[in-house]
Amino acid sequence: MRNFEAQMQKRDGTLFWVLFSSYLNAADGYIEGVVVDISDRKRAEAALQISEERLRLALTASNQGLYDLNIKTEEVVINPGYPLMLGYDPATFHVTKSRWIESLHPDDRESVLAVYHACITGEVPSYQAEYRHRTQDGQWKWVFAVGKIVTWNEFGEPIRALGVVTDIDDRKQAEATSILEERNRMAREIHDTLAQAFTGILAQVGAAKQVLTDDVEATGAHLDLIKELARTGLTEARRSVVALRPQLLESGSLQSALHRLVAQIRTAAMDTTLYYETEGTVYSLPTEVESNLLRMGQEALTNAIRHANADEIRVQLVYDRDQVYLRVKDNGQGFGVGNITAYAGFGLLGMSERAERIRAQLTIRSQPGQGTEIIVVVGV
């Protein structure tokens, strides 16, 4: 009998582990052997098992997989979390370096292999790469892989590498969403600054042409305003890049900024009567809220001038104790709210996005021939 493990009981009743090895001496009629106390070894094995289980659970919870690469044979030993991350059955999944290379996204393959070879040749101390890995269903999943050489042969050549692969697909999707949101924000900023400024310039040019031959003084006033609008457009274009506050808010509150905006448009839109009123005690709102409210008011006014053919526009800003109301109403031709395409209604889409950004309630009321009313309500 060799290396038989069993538990025995001490005199005080406690259990301990022993290892038996013995043989029968049949000729002399006795059994001779050795009994060794292996309690310390069994405790170490139990601790190691617990540690490995904790590591397995941690890797599973964090969407990570372990790999052990034999650099010479290119065979890879992996833990079950690696194939599960990619949608494969751990019982049938087998990977080698060549298969791993085939699974890399074509756009990522060259850069990933460059980092791998730099690690193998010792140019960099460790391997780190983000890339897209093909999953079992043929999709692509973003992963982050790290690794390091852990064993060299007698000639100093690397023969073994260990590493971890982490699922970062959610993070990459969030980054892509963030980039898209930033592009949309910049599109709104350009639409709300350059487009508005140039619209105002065109309106002023048209007005100047009408009075050019009759009233030199009025022509000069229009040309001065064109110059001011051009400067405003240039400033706002620069500000869009750094996402600062609108210029109209630089020197005052939302109430005064809307007042100056209405005054500018009133000068250009000679065939339209504009009314502006404020109710309640004016108080400051967060910068982002004031900026977006001003942009929505600007968009509503511009739409009324350009598209509504209205001869009367009313702008109202109401400060209540716990809410602020911005209302822009015209008596123009109106439209069917549900029939606006995404492109034609880009301004309205931008207003909706701005309202969502500051958690405001946006209401658009309009019917053909009955004018348009836009109401924005934001809590304070």
# chains A, B, ... in the order shown; residues from 1 in each chain; ligands from 1

$ residues_around --residues "Thr363 of chain A" --least-positions-apart "4" --cutoff "8 Å" --atoms "only C-alpha atoms" --output "count of residues only"
3

$ residues_around --residues "Gly369 of chain A" --least-positions-apart "5" --cutoff "10 Å" --atoms "only C-alpha atoms" --output "number ranges by chain"
A: 308, 331-336

$ write_last_selection --atoms "N, CA and C atoms" --output "PDB file, in the first residue's frame"
ATOM      1  N   ALA A 308     -42.533  80.662 -41.053  1.00  0.00           N
ATOM      2  CA  ALA A 308     -43.943  80.803 -40.666  1.00  0.00           C
ATOM      3  C   ALA A 308     -44.690  81.875 -41.441  1.00  0.00           C
ATOM      4  N   ASN A 331     -48.295  83.895 -35.318  1.00  0.00           N
ATOM      5  CA  ASN A 331     -49.595  83.743 -35.986  1.00  0.00           C
ATOM      6  C   ASN A 331     -49.421  83.370 -37.445  1.00  0.00           C
ATOM      7  N   GLY A 332     -48.347  82.613 -37.725  1.00  0.00           N
ATOM      8  CA  GLY A 332     -48.019  82.278 -39.105  1.00  0.00           C
ATOM      9  C   GLY A 332     -48.801  81.105 -39.656  1.00  0.00           C
ATOM     10  N   GLN A 333     -48.235  80.487 -40.700  1.00  0.00           N
ATOM     11  CA  GLN A 333     -48.965  79.469 -41.458  1.00  0.00           C
ATOM     12  C   GLN A 333     -49.050  78.124 -40.743  1.00  0.00           C
ATOM     13  N   GLY A 334     -48.218  77.884 -39.737  1.00  0.00           N
ATOM     14  CA  GLY A 334     -48.279  76.640 -38.985  1.00  0.00           C
ATOM     15  C   GLY A 334     -47.856  75.442 -39.820  1.00  0.00           C
ATOM     16  N   PHE A 335     -47.898  74.276 -39.206  1.00  0.00           N
ATOM     17  CA  PHE A 335     -47.511  73.043 -39.891  1.00  0.00           C
ATOM     18  C   PHE A 335     -48.045  71.857 -39.106  1.00  0.00           C
ATOM     19  N   GLY A 336     -47.997  70.684 -39.727  1.00  0.00           N
ATOM     20  CA  GLY A 336     -48.380  69.459 -39.045  1.00  0.00           C
ATOM     21  C   GLY A 336     -47.190  68.919 -38.269  1.00  0.00           C
TER      22      GLY A 336
END

$ residues_around --residues "segment 304-307 of chain A" --least-positions-apart "4" --cutoff "8 Å" --atoms "only C-alpha atoms" --output "PyMOL selection string"
chain A and resi 269+272+300+313+330+332

$ residues_around --residues "Trp142 of chain A" --least-positions-apart "5" --cutoff "8 Å" --atoms "only C-alpha atoms" --output "PyMOL selection string"
chain A and resi 130-133+167-169+172

$ write_last_selection --atoms "N, CA and C atoms" --output "tab-separated table (two decimals), in the first residue's frame"
chain	number	residue	atom	x	y	z
A	130	GLU	N	-5.70	46.66	-27.12
A	130	GLU	CA	-7.15	46.65	-27.26
A	130	GLU	C	-7.47	46.28	-28.70
A	131	TYR	N	-8.36	45.32	-28.89
A	131	TYR	CA	-8.69	44.90	-30.24
A	131	TYR	C	-10.05	44.22	-30.26
A	132	ARG	N	-10.53	44.00	-31.48
A	132	ARG	CA	-11.81	43.31	-31.66
A	132	ARG	C	-11.55	41.84	-31.95
A	133	HIS	N	-12.23	40.99	-31.19
A	133	HIS	CA	-12.08	39.54	-31.30
A	133	HIS	C	-13.38	38.97	-31.85
A	167	ASP	N	-13.13	41.67	-21.14
A	167	ASP	CA	-14.22	42.12	-22.00
A	167	ASP	C	-14.44	43.62	-21.77
A	168	ILE	N	-14.19	44.46	-22.77
A	168	ILE	CA	-14.40	45.91	-22.65
A	168	ILE	C	-15.42	46.39	-23.69
A	169	ASP	N	-16.25	45.48	-24.18
A	169	ASP	CA	-17.19	45.84	-25.24
A	169	ASP	C	-18.16	46.92	-24.79
A	172	LYS	N	-16.43	50.28	-24.79
A	172	LYS	CA	-16.22	50.78	-26.14
A	172	LYS	C	-17.52	51.31	-26.74

$ closest_residue --among "A:Ala203, A:Val324, A:Val36, A:Gln370" --to "Met270 of chain A" --atoms "only C-alpha atoms"
A:Ala203

$ residues_around --residues "Val165 of chain A" --least-positions-apart "2" --cutoff "7 Å" --atoms "only C-alpha atoms" --output "list in words"
Gln64, Gly65, Leu66, Val143, Phe144, Ala145, Val146, Gly163 and Asp167 of chain A

$ atom_distance --atom1 "atom CA of Ile364 of chain A" --atom2 "atom CA of Leu293 of chain A"
14.7 Å

$ residues_around --residues "segment 349-362 of chain A" --least-positions-apart "4" --cutoff "6 Å" --atoms "only C-alpha atoms" --output "count of residues only"
8

$ residues_around --residues "Trp100 of chain A" --least-positions-apart "6" --cutoff "10 Å" --atoms "only C-alpha atoms" --output "JSON, numbers by chain"
{"A": [76, 94, 133, 134]}

$ atom_distance --atom1 "atom CA of Leu258 of chain A" --atom2 "atom CA of Tyr283 of chain A"
14.1 Å
